[in-house]
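Structure first, then comments.
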Amino acid sequence: MTLSSKESAGARAAFFAGALRCAPVALGVLAYGLVFGALAQQAGLSLGETAAMNAIVYSGSAQFVALGLWTMPPPVMALAIATLLINFRFFLMAATMGRVLEGWSLPRALLAMFWVTDENWAITMAEGQRRHWGAFFLGTGAMLYPAWLASGVIGHTLGTVVADPKRWGFDFAFTAVFLTLAVGLARRRKTPLVWIASAAAAVLADRLLSDSSLGSSAPVLVGGLAGALVAALAPRAGDAR
Amino acid sequence: MRAEILLAFLAMAAVSYGIRVAGFLVGGRLEEHPRLRAALDQLPAAILIALVAPSLARGGPAEWLAAAAVAGLAWWVDLLLIPLAAGVVAVVLLRGVV
């Protein structure tokens with residue numbers, strides 16, 4: 001085997017590892033996609049439009065809020081501003097992607113930014129530095145994107161048959177996923193000051209700002225920045241490694 | 001598809017994508033400074049905790065107990081599916097009890 005084919009075999013293995021690692025999360029996304037599809041149908045979107053929205057916008061929380069603002073013709077400016085506020089947390093997540101995509105050309109790296117969502121970003125980060133980390137990340141996205149696409153279409157077709165996600169505990173699924181991944185990171189690197197700062201700031205922001213226009217992004221932004229600030233001020237803060 | 005709807009979707013997509021591109025480009029710059037690099041190092045853990053903490057603070061005993069089970073399992077088992085499934089089952093059962 002030549003060196004380059006060995007390289008590409010390694011990248012392929014990392015891609016499939018990422019997809020596999022993301023499979024349980026794709027189930028949770030599937031459940032939410034069903035609900036989204038049903039709501040989109042009620043909001044008056046056609047099947048094709050629902051599928052197009054999932055394919056083009058590809059952002060669960062912003063899409064749910066968009067349905068809440070939906071009128072005909074659509075309020076484009078309001079939708080764009082709402083998307084900006086809701087998705088601003090992606091700014092922080094994308095900022096950490098440099099080391100994942102190390103060695104990639106800029107155009108390829110920028111294309112890959114389309115795949116950055118809460119769930120697969122979290123799985124990629126929790127995986128930690130590895131060979132072909134970028135290919136692993138692409139694999140996680142390749143698992144989530146079709147799940148989101150298909151579930152929206154199915155939900156739209158089934159319509160109101162889709163039950164309340166709370167009844168099945170699906171509302172807790174994402175908390176469980178993020179908690180599991182956080183514990184995985186915490187186990188490897190013990191920085192309690194960062195955790196405390198982040199948790200306290202996030203809860204506070206949730207209490208104070210949840211009704212503001214920043215909505216669901218506010219706790220993530222404030223908590224993430226508070227944790228990062230502690231790390232910047234005291235690079236060894238509680239770092240027991 | 002109606003044209004004005006496509007326009008709305010494209011606007012949302014452009015904003016959403018633009019945020020990520022801007023974050024990636026800014027993040028690359030931050031790597032060059034030691035303190036900001038340390039901040040970037042810890043940012044993933046901080047974001048993950050910030051994603052979880054508010055939803056737990058809003059929950060009640062059922063969510064807290066289920067979260068404790070998830071965290072305990074996650075510490076010992078290096079497989080996402082097990083804590084995830086246990087957490088969802090636990091929260092459904094506990095909501096019926098507490």
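In the structure tokens, the first chain shown is A, the next is B, and so on; residue numbers restart at 1 for each chain, and ligands run from 1 in the order shown.
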Select from chain B every residue with an atom at most 6 Å from any atom of chain A, then for each give the shortest pair of atoms and their distance in Å to one decimal, using only C-alpha atoms, rows by chain and rising number, as a Markdown table.
```
| residue | atom | partner | partner_atom | distance |
| --- | --- | --- | --- | --- |
| B:Ala8 | CA | A:Val76 | CA | 5.0 |
| B:Ala11 | CA | A:Ala80 | CA | 5.9 |
| B:Met12 | CA | A:Ala80 | CA | 5.1 |
| B:Ala13 | CA | A:Val57 | CA | 4.4 |
| B:Ile19 | CA | A:Phe91 | CA | 5.4 |
| B:Arg20 | CA | A:Phe91 | CA | 5.2 |
| B:Gly23 | CA | A:Phe91 | CA | 4.2 |
| B:Phe24 | CA | A:Ala95 | CA | 4.4 |
| B:Gly27 | CA | A:Ala95 | CA | 3.9 |
| B:Gly28 | CA | A:Gly98 | CA | 5.9 |
| B:Arg35 | CA | A:Ala232 | CA | 4.8 |
| B:Leu36 | CA | A:Ala232 | CA | 5.8 |
| B:Ala38 | CA | A:Ala232 | CA | 5.5 |
| B:Ala39 | CA | A:Ala228 | CA | 4.3 |
| B:Gln42 | CA | A:Ala228 | CA | 5.8 |
| B:Leu43 | CA | A:Ala228 | CA | 5.2 |
| B:Ala46 | CA | A:Gly224 | CA | 4.7 |
| B:Ile47 | CA | A:Gly224 | CA | 4.4 |
| B:Leu48 | CA | A:Ala182 | CA | 5.7 |
| B:Ile49 | CA | A:Ala199 | CA | 5.9 |
| B:Ala50 | CA | A:Val220 | CA | 5.0 |
| B:Leu51 | CA | A:Val220 | CA | 5.7 |
| B:Val52 | CA | A:Thr175 | CA | 5.6 |
| B:Ala53 | CA | A:Ala199 | CA | 5.5 |
| B:Pro54 | CA | A:Val203 | CA | 4.8 |
| B:Ala74 | CA | A:Thr180 | CA | 5.2 |
| B:Leu81 | CA | A:Pro24 | CA | 5.6 |
| B:Leu84 | CA | A:Ala176 | CA | 5.4 |
| B:Val88 | CA | A:Gly169 | CA | 5.2 |
| B:Val92 | CA | A:Gly169 | CA | 5.4 |
```
Got a sec: who's within 9 Å of Pro61 in chain B, counting only C-alpha atoms, leaving out chain neighbours fewer than 4 positions off, as a PyMOL selection string? chain B and resi 65-66+94-95+98
Can you pull out every residue within 8 Å of Gly141 in chain A, counting only C-alpha atoms, but drop anything in the same chain fewer than 3 positions away, and send it as a list in words? Ala19, Trp115, Val116, Asn120, Phe137, Leu138, Leu144 and Tyr145 of chain A
Alpha helix (DSSP H) per DSSP on the backbone: members of range 44-223 of chain A, as a PyMOL selection string: chain A and resi 47-56+60-69+76-86+89-95+106-112+118-127+133-158+170-188+192-209+217-223
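Distance check against Leu27 in chain A using only C-alpha atoms: of A:Leu209, A:Leu69, A:Met143, A:Leu193, the minimum falls on A:Met143.
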CA of Leu80 in chain B to CA of Gly60 in chain B: how many Å, to one decimal? 23.7 Å
Nearest candidate to Pro146 in chain A (options A:Ala13, A:Ala51, A:Gly44, A:Ser4; using only C-alpha atoms): A:Ala51
Separation of CA of Arg37 in chain B from CA of Glu7 in chain A in Å: 28.6 Å
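Between CA of Met1 in chain B and CA of Val21 in chain B lies a distance of 28.1 Å.
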